[in-house]
Structure formats: structure tokens, C-alpha cells
>>> print(open('structure.pdb').read())   # PDB, C-alpha atoms, pLDDT in the B column
MODEL        1
ATOM      1  CA  MET A 187       0.000   0.000   0.000  1.00 94.00           C
ATOM      2  CA  ILE A 188       2.830   2.425   0.880  1.00 96.00           C
ATOM      3  CA  ASN A 189       6.301   2.262  -0.624  1.00 96.00           C
ATOM      4  CA  ILE A 190       8.942   4.694   0.688  1.00 96.00           C
ATOM      5  CA  GLU A 191      12.284   4.861  -1.092  1.00 96.00           C
ATOM      6  CA  GLN A 192      15.265   6.824   0.246  1.00 97.00           C
ATOM      7  CA  ILE A 193      13.130   9.658   1.640  1.00 97.00           C
ATOM      8  CA  SER A 194      15.097  12.528   3.178  1.00 97.00           C
ATOM      9  CA  LYS A 195      14.013  15.911   4.517  1.00 97.00           C
ATOM     10  CA  LYS A 196      16.173  18.818   5.635  1.00 96.00           C
ATOM     11  CA  TYR A 197      14.346  21.987   6.642  1.00 95.00           C
ATOM     12  CA  LYS A 198      15.678  25.358   5.542  1.00 94.00           C
ATOM     13  CA  GLY A 199      18.265  26.602   8.026  1.00 92.00           C
ATOM     14  CA  ALA A 200      18.517  23.266   9.841  1.00 92.00           C
ATOM     15  CA  GLU A 201      21.892  21.672  10.527  1.00 91.00           C
ATOM     16  CA  ASN A 202      20.673  18.082  10.364  1.00 92.00           C
ATOM     17  CA  TYR A 203      18.190  16.050   8.350  1.00 95.00           C
ATOM     18  CA  SER A 204      14.838  15.392  10.055  1.00 96.00           C
ATOM     19  CA  VAL A 205      14.447  12.250   7.921  1.00 96.00           C
ATOM     20  CA  SER A 206      17.473  10.607   6.334  1.00 96.00           C
ATOM     21  CA  ASN A 207      17.492   8.035   3.491  1.00 96.00           C
ATOM     22  CA  LEU A 208      14.530   6.148   4.897  1.00 96.00           C
ATOM     23  CA  ASP A 209      13.167   3.030   3.175  1.00 96.00           C
ATOM     24  CA  LEU A 210       9.920   1.431   4.317  1.00 96.00           C
ATOM     25  CA  PHE A 211       7.159  -0.757   2.889  1.00 95.00           C
ATOM     26  CA  ILE A 212       3.705  -0.938   4.483  1.00 97.00           C
ATOM     27  CA  THR A 213       1.250  -3.550   3.235  1.00 96.00           C
ATOM     28  CA  GLU A 214      -2.481  -3.183   2.694  1.00 96.00           C
ATOM     29  CA  LYS A 215      -4.728  -3.479   5.787  1.00 95.00           C
ATOM     30  CA  GLU A 216      -1.845  -3.216   8.256  1.00 97.00           C
ATOM     31  CA  ILE A 217      -1.956  -1.274  11.493  1.00 97.00           C
ATOM     32  CA  PHE A 218       1.559   0.083  11.312  1.00 98.00           C
ATOM     33  CA  GLY A 219       3.114   1.891  14.275  1.00 96.00           C
ATOM     34  CA  LEU A 220       5.697   4.580  13.613  1.00 96.00           C
ATOM     35  CA  LEU A 221       7.534   5.030  16.907  1.00 96.00           C
ATOM     36  CA  GLY A 222      10.400   7.191  18.082  1.00 93.00           C
ATOM     37  CA  PRO A 223      11.512   9.767  20.700  1.00 92.00           C
ATOM     38  CA  ASN A 224      10.638  13.459  20.434  1.00 87.00           C
ATOM     39  CA  GLY A 225      12.269  14.929  17.352  1.00 87.00           C
ATOM     40  CA  ALA A 226      12.914  11.521  15.756  1.00 91.00           C
ATOM     41  CA  GLY A 227      11.221  12.522  12.491  1.00 92.00           C
ATOM     42  CA  LYS A 228       7.820  10.822  12.857  1.00 92.00           C
ATOM     43  CA  THR A 229       5.651  13.864  12.192  1.00 90.00           C
ATOM     44  CA  THR A 230       7.917  14.997   9.347  1.00 93.00           C
ATOM     45  CA  LEU A 231       7.596  11.614   7.644  1.00 95.00           C
ATOM     46  CA  ILE A 232       3.816  11.588   8.030  1.00 93.00           C
ATOM     47  CA  SER A 233       3.631  15.154   6.694  1.00 92.00           C
ATOM     48  CA  ILE A 234       5.567  14.046   3.610  1.00 94.00           C
ATOM     49  CA  LEU A 235       3.321  11.023   3.048  1.00 94.00           C
ATOM     50  CA  CYS A 236       0.242  13.239   3.396  1.00 91.00           C
ATOM     51  CA  SER A 237       1.693  15.615   0.772  1.00 89.00           C
ATOM     52  CA  LEU A 238       1.759  18.483   3.272  1.00 90.00           C
ATOM     53  CA  ILE A 239       5.491  19.048   2.740  1.00 93.00           C
ATOM     54  CA  LYS A 240       7.897  17.987   0.011  1.00 93.00           C
ATOM     55  CA  PRO A 241      10.849  15.704   0.684  1.00 95.00           C
ATOM     56  CA  THR A 242      14.335  17.011  -0.009  1.00 96.00           C
ATOM     57  CA  SER A 243      15.044  13.796  -1.904  1.00 96.00           C
ATOM     58  CA  GLY A 244      13.622  10.339  -2.422  1.00 96.00           C
ATOM     59  CA  SER A 245      10.144   9.217  -3.434  1.00 94.00           C
ATOM     60  CA  PHE A 246       7.040   7.437  -2.173  1.00 95.00           C
ATOM     61  CA  SER A 247       3.822   5.971  -3.516  1.00 95.00           C
ATOM     62  CA  ILE A 248       0.488   5.133  -1.913  1.00 96.00           C
ATOM     63  CA  ASP A 249      -1.631   2.509  -3.645  1.00 94.00           C
ATOM     64  CA  GLY A 250       0.499   3.088  -6.743  1.00 93.00           C
ATOM     65  CA  LEU A 251      -0.104   6.854  -6.759  1.00 93.00           C
ATOM     66  CA  THR A 252       2.672   9.446  -6.448  1.00 90.00           C
ATOM     67  CA  TYR A 253       2.596  13.076  -5.340  1.00 83.00           C
ATOM     68  CA  GLN A 254       4.275  14.188  -8.562  1.00 84.00           C
ATOM     69  CA  LYS A 255       1.717  12.592 -10.894  1.00 88.00           C
ATOM     70  CA  ASN A 256      -1.439  12.006  -8.839  1.00 86.00           C
ATOM     71  CA  LYS A 257      -1.614  14.765  -6.215  1.00 82.00           C
ATOM     72  CA  ASN A 258      -5.412  15.201  -6.152  1.00 84.00           C
ATOM     73  CA  GLN A 259      -6.155  11.466  -6.320  1.00 89.00           C
ATOM     74  CA  LEU A 260      -3.650  10.839  -3.556  1.00 89.00           C
ATOM     75  CA  LYS A 261      -5.330  13.327  -1.228  1.00 86.00           C
ATOM     76  CA  GLN A 262      -8.717  11.697  -1.810  1.00 89.00           C
ATOM     77  CA  LEU A 263      -7.189   8.351  -0.869  1.00 94.00           C
ATOM     78  CA  ILE A 264      -5.990   9.336   2.607  1.00 95.00           C
ATOM     79  CA  GLY A 265      -7.364  10.565   5.900  1.00 95.00           C
ATOM     80  CA  ILE A 266      -5.349  12.550   8.453  1.00 94.00           C
ATOM     81  CA  VAL A 267      -5.880  12.841  12.199  1.00 92.00           C
ATOM     82  CA  PRO A 268      -3.389  15.531  13.297  1.00 87.00           C
ATOM     83  CA  GLN A 269      -1.824  15.815  16.732  1.00 83.00           C
ATOM     84  CA  GLU A 270      -3.540  19.167  17.291  1.00 86.00           C
ATOM     85  CA  TYR A 271      -7.306  19.593  17.131  1.00 88.00           C
ATOM     86  CA  ALA A 272      -8.366  20.615  13.611  1.00 90.00           C
ATOM     87  CA  LEU A 273     -11.857  21.843  14.463  1.00 95.00           C
ATOM     88  CA  TYR A 274     -13.731  25.153  14.541  1.00 96.00           C
ATOM     89  CA  PRO A 275     -14.484  25.797  18.241  1.00 96.00           C
ATOM     90  CA  SER A 276     -17.489  28.083  17.637  1.00 96.00           C
ATOM     91  CA  LEU A 277     -19.280  25.485  15.477  1.00 97.00           C
ATOM     92  CA  THR A 278     -21.108  22.421  16.727  1.00 98.00           C
ATOM     93  CA  ALA A 279     -19.761  18.900  16.208  1.00 98.00           C
ATOM     94  CA  PHE A 280     -22.328  18.302  13.452  1.00 98.00           C
ATOM     95  CA  GLU A 281     -21.531  21.613  11.740  1.00 97.00           C
ATOM     96  CA  ASN A 282     -17.812  20.847  11.802  1.00 97.00           C
ATOM     97  CA  LEU A 283     -18.340  17.420  10.301  1.00 97.00           C
ATOM     98  CA  LYS A 284     -20.772  18.740   7.709  1.00 97.00           C
ATOM     99  CA  TYR A 285     -18.130  21.237   6.597  1.00 96.00           C
ATOM    100  CA  PHE A 286     -15.280  18.717   6.434  1.00 95.00           C
ATOM    101  CA  GLY A 287     -17.472  16.169   4.664  1.00 95.00           C
ATOM    102  CA  SER A 288     -18.424  18.738   2.029  1.00 95.00           C
ATOM    103  CA  MET A 289     -14.731  19.345   1.320  1.00 91.00           C
ATOM    104  CA  TYR A 290     -14.596  15.738   0.080  1.00 90.00           C
ATOM    105  CA  GLY A 291     -17.639  16.252  -2.121  1.00 91.00           C
ATOM    106  CA  LEU A 292     -20.094  14.552   0.252  1.00 94.00           C
ATOM    107  CA  LYS A 293     -23.517  16.115   0.695  1.00 93.00           C
ATOM    108  CA  GLY A 294     -27.193  15.717   1.477  1.00 95.00           C
ATOM    109  CA  LYS A 295     -28.791  12.827   3.319  1.00 96.00           C
ATOM    110  CA  TYR A 296     -25.815  10.558   2.618  1.00 96.00           C
ATOM    111  CA  LEU A 297     -23.436  12.875   4.484  1.00 97.00           C
ATOM    112  CA  ASP A 298     -25.912  13.443   7.332  1.00 97.00           C
ATOM    113  CA  ALA A 299     -26.306   9.679   7.784  1.00 97.00           C
ATOM    114  CA  LYS A 300     -22.518   9.162   7.783  1.00 96.00           C
ATOM    115  CA  ILE A 301     -22.084  11.849  10.438  1.00 97.00           C
ATOM    116  CA  ASN A 302     -24.894  10.594  12.660  1.00 97.00           C
ATOM    117  CA  ASN A 303     -23.710   6.997  12.420  1.00 96.00           C
ATOM    118  CA  ALA A 304     -20.129   7.927  13.350  1.00 96.00           C
ATOM    119  CA  LEU A 305     -21.253  10.147  16.233  1.00 97.00           C
ATOM    120  CA  GLU A 306     -23.349   7.260  17.546  1.00 96.00           C
ATOM    121  CA  HIS A 307     -20.465   4.788  17.301  1.00 94.00           C
ATOM    122  CA  LEU A 308     -18.140   7.115  19.201  1.00 95.00           C
ATOM    123  CA  GLY A 309     -20.617   8.024  21.931  1.00 94.00           C
ATOM    124  CA  LEU A 310     -21.212  11.581  20.765  1.00 97.00           C
ATOM    125  CA  ALA A 311     -24.775  11.480  19.429  1.00 97.00           C
ATOM    126  CA  ALA A 312     -26.142  13.386  22.437  1.00 97.00           C
ATOM    127  CA  PHE A 313     -23.614  16.170  21.842  1.00 97.00           C
ATOM    128  CA  ALA A 314     -23.996  16.535  18.059  1.00 97.00           C
ATOM    129  CA  HIS A 315     -25.392  20.050  18.292  1.00 97.00           C
ATOM    130  CA  LYS A 316     -23.172  21.333  21.087  1.00 97.00           C
ATOM    131  CA  LYS A 317     -20.316  23.723  20.285  1.00 98.00           C
ATOM    132  CA  ILE A 318     -16.838  22.217  20.135  1.00 97.00           C
ATOM    133  CA  ASP A 319     -15.435  24.720  22.633  1.00 96.00           C
ATOM    134  CA  THR A 320     -17.613  23.097  25.324  1.00 96.00           C
ATOM    135  CA  PHE A 321     -16.145  19.617  24.663  1.00 95.00           C
ATOM    136  CA  SER A 322     -13.571  17.771  26.743  1.00 92.00           C
ATOM    137  CA  GLY A 323     -10.247  16.758  25.192  1.00 90.00           C
ATOM    138  CA  GLY A 324     -11.414  13.197  24.632  1.00 91.00           C
ATOM    139  CA  MET A 325     -14.591  14.364  22.889  1.00 94.00           C
ATOM    140  CA  LYS A 326     -12.601  16.658  20.589  1.00 94.00           C
ATOM    141  CA  ARG A 327     -10.264  13.763  19.726  1.00 93.00           C
ATOM    142  CA  ARG A 328     -13.249  11.656  18.708  1.00 94.00           C
ATOM    143  CA  VAL A 329     -14.738  14.396  16.520  1.00 96.00           C
ATOM    144  CA  ASN A 330     -11.288  14.931  14.991  1.00 94.00           C
ATOM    145  CA  LEU A 331     -11.218  11.231  14.105  1.00 95.00           C
ATOM    146  CA  ILE A 332     -14.670  11.295  12.510  1.00 96.00           C
ATOM    147  CA  ALA A 333     -13.682  14.271  10.333  1.00 96.00           C
ATOM    148  CA  SER A 334     -10.855  12.202   8.850  1.00 95.00           C
ATOM    149  CA  ILE A 335     -12.887   9.107   7.866  1.00 95.00           C
ATOM    150  CA  LEU A 336     -16.145  10.458   6.400  1.00 95.00           C
ATOM    151  CA  HIS A 337     -14.847   9.904   2.840  1.00 94.00           C
ATOM    152  CA  ASN A 338     -13.847   6.276   3.549  1.00 94.00           C
ATOM    153  CA  PRO A 339     -10.085   6.671   3.058  1.00 95.00           C
ATOM    154  CA  LYS A 340      -7.992   3.662   2.082  1.00 96.00           C
ATOM    155  CA  VAL A 341      -5.162   4.887   4.331  1.00 97.00           C
ATOM    156  CA  LEU A 342      -5.586   6.678   7.655  1.00 97.00           C
ATOM    157  CA  PHE A 343      -2.696   8.587   9.269  1.00 96.00           C
ATOM    158  CA  LEU A 344      -2.952   9.143  13.017  1.00 94.00           C
ATOM    159  CA  ASP A 345      -0.471  11.389  14.828  1.00 90.00           C
ATOM    160  CA  GLU A 346      -0.832  10.746  18.585  1.00 87.00           C
ATOM    161  CA  PRO A 347      -4.608  10.035  18.377  1.00 87.00           C
ATOM    162  CA  THR A 348      -5.040   9.211  22.078  1.00 87.00           C
ATOM    163  CA  VAL A 349      -2.743  11.799  23.663  1.00 84.00           C
ATOM    164  CA  GLY A 350      -4.279  13.563  26.657  1.00 82.00           C
ATOM    165  CA  VAL A 351      -7.545  11.599  26.728  1.00 86.00           C
ATOM    166  CA  ASP A 352      -9.180   9.601  29.514  1.00 87.00           C
ATOM    167  CA  VAL A 353      -9.110   5.809  29.560  1.00 90.00           C
ATOM    168  CA  GLN A 354     -12.712   5.486  28.381  1.00 90.00           C
ATOM    169  CA  SER A 355     -12.180   7.761  25.364  1.00 89.00           C
ATOM    170  CA  LYS A 356      -8.954   5.931  24.507  1.00 90.00           C
ATOM    171  CA  ASN A 357     -10.699   2.564  24.519  1.00 91.00           C
ATOM    172  CA  VAL A 358     -13.544   3.847  22.331  1.00 92.00           C
ATOM    173  CA  ILE A 359     -11.046   5.346  19.841  1.00 92.00           C
ATOM    174  CA  ILE A 360      -8.938   2.160  19.658  1.00 93.00           C
ATOM    175  CA  GLU A 361     -11.987  -0.088  19.176  1.00 94.00           C
ATOM    176  CA  PHE A 362     -13.307   2.214  16.439  1.00 94.00           C
ATOM    177  CA  LEU A 363      -9.935   2.113  14.679  1.00 95.00           C
ATOM    178  CA  LYS A 364      -9.851  -1.683  14.870  1.00 96.00           C
ATOM    179  CA  GLN A 365     -13.282  -1.773  13.245  1.00 95.00           C
ATOM    180  CA  LEU A 366     -12.083   0.532  10.449  1.00 95.00           C
ATOM    181  CA  ASN A 367      -9.082  -1.726   9.923  1.00 97.00           C
ATOM    182  CA  ASN A 368     -11.284  -4.837   9.821  1.00 96.00           C
ATOM    183  CA  ASN A 369     -13.260  -3.093   7.079  1.00 95.00           C
ATOM    184  CA  GLY A 370     -10.093  -2.647   5.001  1.00 95.00           C
ATOM    185  CA  THR A 371      -8.495   0.644   6.079  1.00 97.00           C
ATOM    186  CA  THR A 372      -4.695   0.656   6.339  1.00 98.00           C
ATOM    187  CA  ILE A 373      -3.649   2.567   9.471  1.00 98.00           C
ATOM    188  CA  ILE A 374      -0.387   4.430  10.092  1.00 97.00           C
ATOM    189  CA  TYR A 375      -0.139   5.347  13.755  1.00 93.00           C
ATOM    190  CA  THR A 376       2.339   7.312  15.853  1.00 92.00           C
ATOM    191  CA  SER A 377       2.285   7.354  19.627  1.00 88.00           C
ATOM    192  CA  HIS A 378       4.394   7.571  22.773  1.00 87.00           C
ATOM    193  CA  HIS A 379       2.048   5.050  24.426  1.00 88.00           C
ATOM    194  CA  LEU A 380       4.203   1.987  23.786  1.00 93.00           C
ATOM    195  CA  ASN A 381       1.969  -0.431  25.687  1.00 92.00           C
ATOM    196  CA  GLU A 382      -0.900   0.677  23.478  1.00 92.00           C
ATOM    197  CA  ALA A 383       1.220   0.289  20.339  1.00 94.00           C
ATOM    198  CA  GLU A 384       2.346  -3.185  21.397  1.00 95.00           C
ATOM    199  CA  THR A 385      -1.206  -4.521  21.492  1.00 94.00           C
ATOM    200  CA  PHE A 386      -2.721  -2.366  18.735  1.00 94.00           C
ATOM    201  CA  CYS A 387      -0.181  -2.575  15.908  1.00 96.00           C
ATOM    202  CA  THR A 388       0.460  -5.512  13.576  1.00 96.00           C
ATOM    203  CA  ARG A 389       3.968  -4.163  12.867  1.00 97.00           C
ATOM    204  CA  VAL A 390       6.035  -1.250  14.139  1.00 97.00           C
ATOM    205  CA  ALA A 391       9.098   0.672  13.054  1.00 97.00           C
ATOM    206  CA  ILE A 392      11.308   2.551  15.497  1.00 96.00           C
ATOM    207  CA  ILE A 393      13.087   5.578  14.070  1.00 96.00           C
ATOM    208  CA  ASP A 394      15.568   7.949  15.685  1.00 94.00           C
ATOM    209  CA  HIS A 395      17.426  10.974  14.339  1.00 93.00           C
ATOM    210  CA  GLY A 396      15.454  10.506  11.127  1.00 94.00           C
ATOM    211  CA  LYS A 397      16.737   7.008  10.466  1.00 96.00           C
ATOM    212  CA  LEU A 398      15.033   3.629  10.605  1.00 96.00           C
ATOM    213  CA  ILE A 399      16.513   1.557  13.457  1.00 96.00           C
ATOM    214  CA  ILE A 400      14.340  -1.553  13.432  1.00 96.00           C
ATOM    215  CA  LYS A 401      10.979  -2.837  12.213  1.00 96.00           C
ATOM    216  CA  GLY A 402       8.853  -5.931  12.759  1.00 97.00           C
ATOM    217  CA  GLU A 403       6.000  -7.451  14.741  1.00 97.00           C
ATOM    218  CA  PRO A 404       5.973  -6.166  18.341  1.00 96.00           C
ATOM    219  CA  LYS A 405       6.081  -9.655  19.902  1.00 96.00           C
ATOM    220  CA  GLU A 406       8.998 -10.676  17.705  1.00 96.00           C
ATOM    221  CA  LEU A 407      10.948  -7.504  18.501  1.00 96.00           C
ATOM    222  CA  VAL A 408      10.501  -8.131  22.230  1.00 96.00           C
ATOM    223  CA  LYS A 409      11.470 -11.779  21.830  1.00 95.00           C
ATOM    224  CA  ASP A 410      14.619 -10.936  19.858  1.00 94.00           C
ATOM    225  CA  SER A 411      15.780  -8.162  22.210  1.00 94.00           C
ATOM    226  CA  GLU A 412      17.800  -9.652  25.063  1.00 92.00           C
ATOM    227  CA  GLY A 413      16.538  -8.637  28.492  1.00 92.00           C
ATOM    228  CA  SER A 414      13.377  -6.977  27.110  1.00 94.00           C
ATOM    229  CA  HIS A 415       9.959  -7.835  28.514  1.00 95.00           C
ATOM    230  CA  ASN A 416       7.871  -5.435  26.455  1.00 95.00           C
ATOM    231  CA  LEU A 417       8.072  -2.944  23.600  1.00 96.00           C
ATOM    232  CA  GLU A 418       9.068  -0.123  25.940  1.00 95.00           C
ATOM    233  CA  ASP A 419      12.171  -2.086  26.960  1.00 95.00           C
ATOM    234  CA  VAL A 420      13.063  -2.572  23.288  1.00 96.00           C
ATOM    235  CA  PHE A 421      12.507   1.135  22.629  1.00 95.00           C
ATOM    236  CA  ILE A 422      14.780   2.239  25.500  1.00 94.00           C
ATOM    237  CA  SER A 423      17.498  -0.235  24.556  1.00 94.00           C
ATOM    238  CA  LEU A 424      17.602   1.151  21.011  1.00 93.00           C
ATOM    239  CA  THR A 425      17.111   4.882  21.633  1.00 91.00           C
ATOM    240  CA  GLY A 426      18.690   5.292  25.063  1.00 88.00           C
ATOM    241  CA  LYS A 427      17.545   6.945  28.284  1.00 82.00           C
ATOM    242  CA  ALA A 428      18.694  10.496  27.512  1.00 79.00           C
ATOM    243  CA  LEU A 429      15.997  13.166  27.606  1.00 71.00           C
ATOM    244  CA  ARG A 430      14.816  14.373  24.204  1.00 65.00           C
ATOM    245  CA  ASP A 431      13.388  17.762  25.140  1.00 65.00           C
ATOM    246  CA  HIS A 432      13.590  20.214  22.267  1.00 60.00           C
ATOM    247  CA  ALA A 433      12.210  23.632  21.354  1.00 54.00           C
TER     248      ALA A 433
ENDMDL
END
>>> encode(input="structure.pdb", output="C-alpha cells")
Amino acid sequence: MINIEQISKKYKGAENYSVSNLDLFITEKEIFGLLGPNGAGKTTLISILCSLIKPTSGSFSIDGLTYQKNKNQLKQLIGIVPQEYALYPSLTAFENLKYFGSMYGLKGKYLDAKINNALEHLGLAAFAHKKIDTFSGGMKRRVNLIASILHNPKVLFLDEPTVGVDVQSKNVIIEFLKQLNNNGTTIIYTSHHLNEAETFCTRVAIIDHGKLIIKGEPKELVKDSEGSHNLEDVFISLTGKALRDHA
């Protein structure tokens, strides 16, 4: 589904590459975890794959489509759940979703039914006509997710989709994502919740300093890493214990 070949990205004025000569292949219907410390290059790589920024060098394709030749088709193929809330706070949940759905050419009763069904599945039906600025963080995360899947994307990119939410919201989001995956959606997921990634993802890749360190099934990575009992142990052994604070 996704083929990445020698992708590199160096921002203007930066001393180092954010992503460096990265090769990766992600198959159809995977739940693929892209893991790494702060500043490892995860968000940059996702931004490239979503055609939000251009790579310095290298190429990629999604379902056989490339940014150079199939930009508009590529954007219709994907859904994006950003790390920050991408919602209009003064509009209701329904109004937000109506707007985002219309951007994908959806309209009328079909769009209304899609919105109402998704709100019901994610426990938000009772709040459909409440303004977003009255919502909790977990509720906003769920609306953010719905906005990204109304057009039935083949590939869904999720950048920290459960950060800052309560346990109940996290469970609802993860179960909804599993259902989407069972229905054929390929999921690319980044998170610092390594226990969550270990049980949620079919495969993971750990990157650091913009480079791919290791990839594979979580259980196999744990098994092959001496002294590791879980994915967090593997992560620490490969990326170290040094703090990664950056501004």
C-alpha cells in the first residue's frame, strides 16, 4: 500500500536532516506503528506522506499513486488525524463534520447519515449540536477522528490520536480504529504510548534521528531483544535513556 524509497528531509536553516534516506514498505490493511523519541522525524515523515510538505530527496507511492503525478487522487485516498485539534471551536460537532465532509464532495442525506452513524459509534450522538469549545479533550479527539474518515479513506494517518484523553475515550477510539481496519483501512499510527502500540499494531518501526533503526512485529521484537519484557524495553534499549526535550 505504501512504498517509501530513500526519503530525506532537511528543513531550511537546519543543521541536520529530520528524515534521512529512509526506506519502508507498508502492506495493505496493516496497522503500522511509527515510533520514536521526540524529534525523531515521525511527524515529518507523516507530513511528507500526506503531501503536506515535500521531501528534499527520495520518493514514495500510496496505492500506486505518487505526489508528482497524482496529487489530487492521492489526497482523496488518505485521511489525516493531526496531533492538534483541527476543528472550529465556535461550530457544533455536526456543523464541523458537515463542513469537512463537504470538502470531500459529500452532501445531502448521505453525508448526514454518515455523520450521525459515526457520532453514535463514538458516543457523541447526544452532543452533536453542542459547540466544540464546550467539549472535553477526549470528545474533541473523537470528533477529529470522525472528520478524517467520512470519505472512507484507504489509508488513515494518526499522529498521537489518544494523547491527553481519559481511559474510556482511549478505549472507544482504539476499538473504532480496529473496526475501520477490519473493514479494510490501512492505518499508520504514531504514539508515545508503547503499551498501546504493542497490542494495537500488527507491525512497528522505530526511528531515531530521522533514520530507521528496526521494524517488525511487536512480539517478535521483544522476543529478539535480550533482556526486554515489552516494547518499551526494546525502545529504551535502542534509543537510550537520555531526555529528548527540544524547542
>>> closest_residue(input="structure.pdb", among="A:Ser334, A:Asn369, A:Thr376, A:Thr213", to="Leu231 (chain A)", atoms="all atoms listed in the file")
A:Thr376
>>> residues_around(input="structure.pdb", residues="region 405-422 of chain A", least_positions_apart="2", cutoff="7 Å", atoms="all atoms listed in the file", output="PyMOL selection string")
chain A and resi 380-381+384+402-403+424-427
>>> residues_around(input="structure.pdb", residues="Ile212 (chain A)", least_positions_apart="5", cutoff="12 Å", atoms="all atoms listed in the file", output="list of chain:residue names")
A:Met187, A:Ile188, A:Asn189, A:Ile190, A:Glu191, A:Ile217, A:Phe218, A:Gly219, A:Leu220, A:Phe246, A:Ser247, A:Ile248, A:Asp249, A:Val341, A:Thr372, A:Ile373, A:Ile374, A:Tyr375, A:Thr388, A:Arg389, A:Val390, A:Ala391, A:Lys401, A:Gly402
>>> resolve_selection(input="structure.pdb", expression="the PyMOL selection byres ((chain A and resi 260-271) around 6)", output="list in words")
Asn256, Lys257, Asn258, Gln259, Ala272, Leu273, Leu331, Ser334, Pro339, Lys340, Val341, Leu342, Phe343, Leu344, Asp345 and Glu346 of chain A
>>> axis_aligned_box(input="structure.pdb", around="region 364-373 of chain A", padding_each_side="6 Å", output="JSON")
{"center_x": -8.5, "center_y": -1.1, "center_z": 9.9, "size_x": 21.6, "size_y": 19.4, "size_z": 21.9}
>>> resolve_selection(input="structure.pdb", expression="the PyMOL selection byres ((chain A and resi 284-297) around 10)", output="list in words")
Lys261, Gln262, Leu273, Tyr274, Leu277, Thr278, Ala279, Phe280, Glu281, Asn282, Leu283, Asp298, Ala299, Lys300, Ile301, Asn302, Asn303, Ile332, Ala333, Ser334, Ile335, Leu336 and His337 of chain A
>>> atom_distance(input="structure.pdb", atom1="CA of Ala428 (chain A)", atom2="CA of Glu201 (chain A)")
20.6 Å
